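Enquirer: Sharing start03.txt (compact mmCIF, C-alpha atoms) below.
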```txt
# COMPACT_ATOMS: atom_id res chain seq x y z
CA MET T 51 -13.60 33.80 30.40
CA HIS T 52 -14.07 33.59 26.64
CA ARG T 53 -16.96 33.39 24.23
CA VAL T 54 -17.58 30.85 21.50
CA ILE T 55 -20.55 30.81 19.13
CA LEU T 56 -22.20 27.67 17.77
CA TYR T 57 -23.84 28.02 14.34
CA GLY T 58 -26.27 25.51 12.93
CA PHE T 59 -28.83 24.84 10.24
CA GLN T 60 -31.06 21.89 9.37
CA GLY T 61 -30.33 20.25 6.02
CA ASN T 62 -32.85 19.71 3.27
CA ALA T 63 -32.24 17.35 0.36
CA ARG T 64 -34.77 19.24 -1.69
CA LEU T 65 -32.51 22.29 -1.69
CA ALA T 66 -29.35 20.32 -2.36
CA LYS T 67 -29.42 19.71 -6.07
CA GLU T 68 -26.37 21.37 -7.64
CA ASN T 69 -25.45 22.75 -4.22
CA PRO T 70 -22.83 21.61 -1.67
CA PRO T 71 -23.67 18.27 0.04
CA LEU T 72 -23.75 20.05 3.40
CA ILE T 73 -26.99 21.71 2.29
CA ALA T 74 -28.55 18.25 2.19
CA LYS T 75 -26.91 17.16 5.43
CA GLY T 76 -27.21 20.31 7.54
CA HIS T 77 -24.23 21.54 9.49
CA ILE T 78 -22.93 22.82 12.80
CA GLY T 79 -19.94 25.13 13.14
CA LEU T 80 -18.12 26.97 15.87
CA SER T 81 -16.49 30.36 15.95
CA ALA T 82 -13.89 31.37 18.52
CA ASP T 83 -13.48 34.88 17.10
CA ASN T 84 -16.98 36.31 17.37
CA GLY T 85 -18.20 34.97 14.04
CA GLN T 86 -15.34 36.08 11.81
CA THR T 87 -14.30 32.48 11.15
CA ILE T 88 -16.60 29.46 11.53
CA TYR T 89 -15.15 25.94 11.57
CA GLY T 90 -17.17 22.83 10.88
CA PHE T 91 -16.24 19.16 11.38
CA ALA T 92 -16.76 16.99 8.31
CA PRO T 93 -15.64 13.64 6.92
CA THR T 94 -12.65 13.46 4.62
CA LYS T 95 -13.71 11.96 1.31
CA PRO T 96 -11.41 9.12 0.26
CA ASN T 97 -9.76 10.04 -3.05
CA GLU T 98 -11.02 6.92 -4.78
CA LEU T 99 -14.67 7.84 -4.21
CA SER T 100 -16.80 10.24 -6.23
CA ASP T 101 -19.05 12.66 -4.35
CA LYS T 102 -22.04 10.47 -5.15
CA GLU T 103 -20.32 7.29 -3.99
CA PHE T 104 -19.21 9.05 -0.80
CA ILE T 105 -22.75 10.16 0.09
CA PHE T 106 -23.98 6.64 -0.73
CA LEU T 107 -21.46 5.18 1.74
CA LEU T 108 -22.11 7.76 4.47
CA LYS T 109 -25.71 6.58 4.81
CA ARG T 110 -24.81 2.92 5.18
CA LYS T 111 -24.17 1.02 8.38
CA ARG T 112 -21.31 1.91 10.73
CA GLN T 113 -19.34 3.92 8.20
CA VAL T 114 -16.48 5.77 9.89
CA PHE T 115 -14.21 8.21 8.05
CA ASP T 116 -11.27 10.37 8.99
CA GLY T 117 -12.58 13.77 10.03
CA GLN T 118 -11.32 17.29 9.52
CA LEU T 119 -12.14 20.81 10.60
CA ILE T 120 -12.85 23.07 7.66
CA ASP T 121 -13.23 26.82 7.46
CA ASP T 122 -16.91 26.89 6.48
CA THR T 123 -17.38 30.62 7.03
CA LYS T 124 -18.41 31.21 3.43
CA LEU T 125 -21.01 28.42 3.50
CA PHE T 126 -22.58 29.68 6.72
CA HIS T 127 -22.64 33.24 5.35
CA GLN T 128 -24.35 31.97 2.19
CA VAL T 129 -26.96 30.11 4.23
CA ALA T 130 -27.59 33.21 6.34
CA ALA T 131 -27.94 35.27 3.17
CA GLY T 132 -30.53 32.85 1.77
CA LYS T 133 -28.42 31.73 -1.18
CA PHE T 134 -29.89 28.20 -1.21
CA ASN T 135 -33.52 29.08 -0.50
CA LYS T 136 -36.17 28.24 -3.07
CA GLY T 137 -39.59 29.77 -2.75
CA SER T 138 -41.03 29.09 0.66
CA ARG T 139 -38.37 26.52 1.47
CA GLU T 140 -35.70 28.25 3.46
CA LEU T 141 -32.66 27.24 5.46
CA GLU T 142 -32.48 29.01 8.78
CA LEU T 143 -29.11 29.60 10.40
CA TYR T 144 -29.10 29.85 14.19
CA ARG T 145 -26.32 30.96 16.49
CA LEU T 146 -25.91 30.19 20.16
CA LYS T 147 -23.39 32.09 22.25
CA GLN T 148 -21.61 30.33 25.09
CA THR T 149 -19.10 31.48 27.68
CA VAL T 150 -16.27 29.03 28.26
CA ASP T 151 -13.36 28.89 30.70
CA ASP T 152 -9.68 29.17 29.84
CA THR T 153 -9.17 25.41 29.62
CA THR T 154 -12.07 24.83 27.24
CA PHE T 155 -11.10 27.78 25.08
CA ALA T 156 -7.53 26.50 24.86
CA LYS T 157 -8.81 23.08 23.73
CA VAL T 158 -11.04 24.74 21.13
CA LEU T 159 -8.06 26.66 19.76
CA GLN T 160 -5.96 23.50 19.81
CA GLN T 161 -8.55 21.66 17.69
CA ILE T 162 -8.70 24.56 15.25
CA GLU T 163 -4.92 24.65 15.08
CA LYS T 164 -4.70 20.96 14.19
CA ARG T 165 -7.86 21.11 12.05
CA GLY T 166 -9.50 18.28 13.97
CA LYS T 167 -6.84 15.82 12.87
CA GLY T 168 -7.06 12.48 14.66
CA SER T 169 -10.84 12.58 15.12
CA LYS T 170 -13.16 10.27 13.21
CA TYR T 171 -16.47 11.12 11.58
CA MET T 172 -19.70 9.15 11.54
CA LEU T 173 -23.31 10.17 10.96
CA PRO T 174 -25.41 10.10 14.15
CA HIS T 175 -25.92 6.53 15.26
CA GLU T 176 -27.58 4.52 17.97
CA ASN T 177 -27.02 0.97 19.20
CA ILE T 178 -23.24 1.27 19.20
CA SER T 179 -22.01 1.32 22.76
CA TYR T 180 -18.83 3.32 22.28
CA LEU T 181 -16.79 4.45 19.33
CA PRO T 182 -13.70 6.22 20.59
CA ASN T 183 -12.97 9.67 19.26
CA THR T 184 -15.82 9.52 16.72
CA TYR T 185 -18.16 12.46 16.18
CA ASN T 186 -20.34 14.28 13.72
CA CYS T 187 -20.39 18.04 13.16
CA ALA T 188 -22.76 18.55 16.09
CA THR T 189 -20.94 16.48 18.72
CA PHE T 190 -17.34 17.26 17.76
CA TRP T 191 -16.91 20.26 20.06
CA GLY T 192 -18.07 18.35 23.14
CA GLN T 193 -14.58 16.88 23.52
CA THR T 194 -13.21 20.37 24.22
CA GLY T 195 -15.62 21.05 27.06
CA VAL T 196 -18.05 23.17 25.03
CA ILE T 197 -21.53 22.34 26.33
CA LEU T 198 -23.58 20.72 23.58
CA PRO T 199 -27.23 21.81 23.29
CA GLU T 200 -28.16 18.19 22.62
CA LYS T 201 -26.15 14.98 22.93
CA SER T 202 -27.23 12.70 20.06
CA GLY T 203 -26.01 15.00 17.31
CA ILE T 204 -29.24 14.48 15.37
CA LEU T 205 -29.83 17.92 13.87
CA ARG T 206 -33.62 17.52 13.86
CA ASP T 207 -33.32 17.63 17.68
CA TYR T 208 -30.13 19.66 17.98
CA ILE T 209 -31.38 22.82 16.23
CA PRO T 210 -34.59 23.04 18.33
CA ALA T 211 -32.43 22.50 21.42
CA MET T 212 -30.25 25.44 20.35
CA ILE T 213 -33.38 27.56 19.99
CA ASN T 214 -34.70 26.45 23.39
CA GLN T 215 -31.40 27.51 24.92
CA GLY T 216 -31.58 30.99 23.47
CA ALA T 217 -30.14 30.71 19.96
CA GLU T 218 -31.02 33.58 17.69
CA LEU T 219 -31.65 33.59 13.98
CA ALA T 220 -28.48 34.69 12.23
CA ILE T 221 -29.34 36.91 9.30
CA VAL T 222 -25.68 37.80 8.94
CA PRO T 223 -23.39 35.66 11.10
CA THR T 224 -21.45 38.29 12.99
CA MET G 216 -52.21 18.46 6.64
CA LEU G 217 -50.30 18.06 9.89
CA SER G 218 -49.27 20.94 12.11
CA LYS G 219 -45.58 21.87 12.20
CA ILE G 220 -45.27 20.39 15.69
CA GLU G 221 -46.75 17.11 14.50
CA SER G 222 -44.59 16.87 11.37
CA ASP G 223 -41.47 17.88 13.35
CA HIS G 224 -42.17 15.07 15.79
CA ILE G 225 -42.42 12.55 12.96
CA LEU G 226 -39.27 13.89 11.31
CA SER G 227 -37.39 13.55 14.59
CA THR G 228 -38.60 9.96 14.92
CA LEU G 229 -37.45 9.21 11.35
CA ALA G 230 -34.02 10.67 12.16
CA HIS G 231 -33.73 8.43 15.23
CA LEU G 232 -34.89 5.36 13.31
CA ALA G 233 -32.26 6.03 10.62
CA ALA G 234 -29.60 6.46 13.32
CA ARG G 235 -30.76 3.24 14.97
CA TRP G 236 -30.58 1.35 11.66
CA ARG G 237 -27.05 2.64 10.97
CA GLY G 238 -25.93 1.32 14.36
CA LEU G 239 -27.38 -2.16 13.94
CA SER G 240 -25.12 -4.92 12.70
CA GLU G 241 -25.89 -6.39 9.27
CA ASN G 242 -27.28 -9.59 10.75
CA SER G 243 -29.35 -8.04 13.52
CA SER G 244 -32.90 -9.32 13.72
CA SER G 245 -34.05 -5.74 14.34
CA ASN G 246 -33.08 -4.49 10.87
CA HIS G 247 -36.35 -5.46 9.23
CA GLU G 248 -38.43 -4.05 12.09
CA VAL G 249 -36.67 -0.66 12.02
CA VAL G 250 -36.93 -0.36 8.23
CA SER G 251 -40.59 -1.36 8.35
CA HIS G 252 -41.42 1.26 11.00
CA TYR G 253 -39.43 3.87 9.11
CA ASN G 254 -41.21 3.19 5.81
CA GLU G 255 -44.63 3.15 7.43
CA LEU G 256 -44.04 6.47 9.16
CA LEU G 257 -42.55 8.20 6.11
CA CYS G 258 -45.39 7.00 3.88
CA PHE G 259 -47.90 8.33 6.41
CA LEU G 260 -46.12 11.69 6.38
CA ILE G 261 -46.15 11.84 2.57
CA HIS G 262 -49.82 10.90 2.44
CA THR G 263 -50.65 13.87 4.69
CA GLY G 264 -49.38 16.14 1.92
CA TRP G 265 -45.87 16.72 3.26
CA ASP G 266 -43.49 17.34 0.36
CA ASN G 267 -40.48 18.91 2.00
CA GLY G 268 -37.06 17.29 1.96
CA LEU G 269 -35.40 15.02 4.48
CA ALA G 270 -31.83 15.70 5.50
CA LEU G 271 -29.18 13.22 4.45
CA GLU G 272 -28.81 11.79 7.96
CA GLU G 273 -32.56 11.16 8.06
CA GLU G 274 -32.55 8.94 4.99
CA LEU G 275 -31.82 5.24 4.66
CA PRO G 276 -29.96 3.98 1.59
CA ASP G 277 -32.16 4.29 -1.52
CA GLU G 278 -32.96 0.58 -1.72
CA LEU G 279 -34.57 0.76 1.72
CA MET G 280 -36.52 3.97 1.16
CA PRO G 281 -40.23 3.72 0.31
CA ARG G 282 -41.17 4.01 -3.35
CA GLU G 283 -43.38 7.00 -2.51
CA TYR G 284 -40.38 8.97 -1.26
CA LEU G 285 -38.18 8.10 -4.23
CA GLU G 286 -40.95 9.16 -6.61
CA LEU G 287 -41.40 12.39 -4.66
CA SER G 288 -37.66 13.01 -4.92
CA LYS G 289 -37.76 12.62 -8.68
CA GLU G 290 -40.50 15.21 -8.92
CA TRP G 291 -38.59 17.74 -6.84
CA SER G 292 -37.57 20.67 -8.92
CA PRO G 293 -36.83 24.31 -8.15
CA VAL G 294 -39.97 26.05 -6.92
```
Can you present the structure in this file as structure tokens?
Expert:
Amino acid sequence: MHRVILYGFQGNARLAKENPPLIAKGHIGLSADNGQTIYGFAPTKPNELSDKEFIFLLKRKRQVFDGQLIDDTKLFHQVAAGKFNKGSRELELYRLKQTVDDTTFAKVLQQIEKRGKGSKYMLPHENISYLPNTYNCATFWGQTGVILPEKSGILRDYIPAMINQGAELAIVPT
Amino acid sequence: MLSKIESDHILSTLAHLAARWRGLSENSSSNHEVVSHYNELLCFLIHTGWDNGLALEEELPDELMPREYLELSKEWSPV
């Protein structure tokens, strides 16, 4: 048996000015090495789009982008350290440990090895019956057999579900 | 002012409405209804004194967001 750790925080647009877009969006990551490295699934920005244009498109209807796994360890560490907090408005990073079998762990490592290549990204959506191989940061790891705390991928529900299942506040993500 | 449980419930509903809108086709007859419910709920939340931020996935495109929210966004500055 092996252990993986899911990390997650709820985004807040109010804390996002001049900060990475993921602060506005919120993010989920997974570590397969006890927190030393945390990978998050994110859309690949088309070269022809500016950051602002990309965010504008993400929020529109049925927008699907190529996805990629990124080493987001630094970002999660910064969130845990309170780098983006302003006054009483704070981002809280939670971590949820999970034991997985050999097959699931091998699939997790395989995704990390290929950096999520071949998977598509879309913001959480409803009313679409099935989009093959399309995920957001919260649902991506479900394809490996990792048990997701919540299925929709909507972080406003996903983070509380993590907490209900025993997630702890990560002051320093170790 | 709403309790945290109450505001969290509204924020979750807004997130689901935004996700529902994103999944609707452009010509769906439900578009207007979803946007209308979303705007009504967000305006109610703002009128209770809520001034925190939504996450990106909880927002609709700017042209569909209520004026109250856009004005609130403009006022947001480091606290």
Enquirer: From the options T:Gly216, T:Gly203, T:Gly117, T:Gly85, which residue's atoms come nearest to chain G, counting all atoms listed in the file?
Expert: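 That would be T:Gly203, the residue with the smallest distance to chain G.
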Enquirer: Which value, in Å to one decimal, gives the distance between CA of Asp152 (chain T) and CA of Arg53 (chain T)?
Expert: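 Answer for the CA of Asp152 (chain T) to CA of Arg53 (chain T) separation: 10.1 Å.
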Enquirer: Taking all atoms listed in the file into account, which residues of chain G are within 6 Å of chain T, as a list in words?
Expert: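 Taking all atoms listed in the file into account, Ser227, Ala234, Arg235, Arg237, Gly238, Gly268, Leu269, Ala270, Leu271, Pro276 and Val294 of chain G sit within 6 Å of chain T.
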Enquirer: How far is it from CA of Tyr253 (chain G) to CA of His224 (chain G), in Å with one decimal?
Expert: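 The value is 13.3 Å.
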Enquirer: Can you tell me, as a list in words, what residues are no more than 9 Å from Ala211 (chain T) when counting all atoms listed in the file, ignoring any on the same chain fewer than 5 positions away?
Expert: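 Counting all atoms listed in the file, the residues come to Pro199, Glu200, Gly216 and Ala217 of chain T.
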Enquirer: Record the distance separating CA of Leu119 (chain T) and CA of Arg165 (chain T), expressed in Å with one decimal.
Expert: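 About the pair CA of Leu119 (chain T) and CA of Arg165 (chain T): they are 4.5 Å apart.
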Enquirer: Between T:Cys187, T:Leu181, T:Val158, T:Val150, which is the closest to Ile120 (chain T) once you count all atoms listed in the file?
Expert: T:Cys187
Enquirer: For Lys147 (chain T), which residue out of T:Ile221, T:Asp83, T:Phe104, T:Glu68 is the nearest one, using all atoms listed in the file?
Expert: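 For Lys147 (chain T), the nearest of the given residues is T:Asp83.
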Enquirer: Which of these, G:Leu287, G:Leu279, G:Val249, G:Leu239, has the shortest distance to Trp265 (chain G) once you count all atoms listed in the file?
Expert: G:Leu287
Enquirer: Nearest to His247 (chain G): which of G:Leu232, G:Leu260, G:Glu274, G:Met216 is it, counting all atoms listed in the file?
Expert: G:Leu232
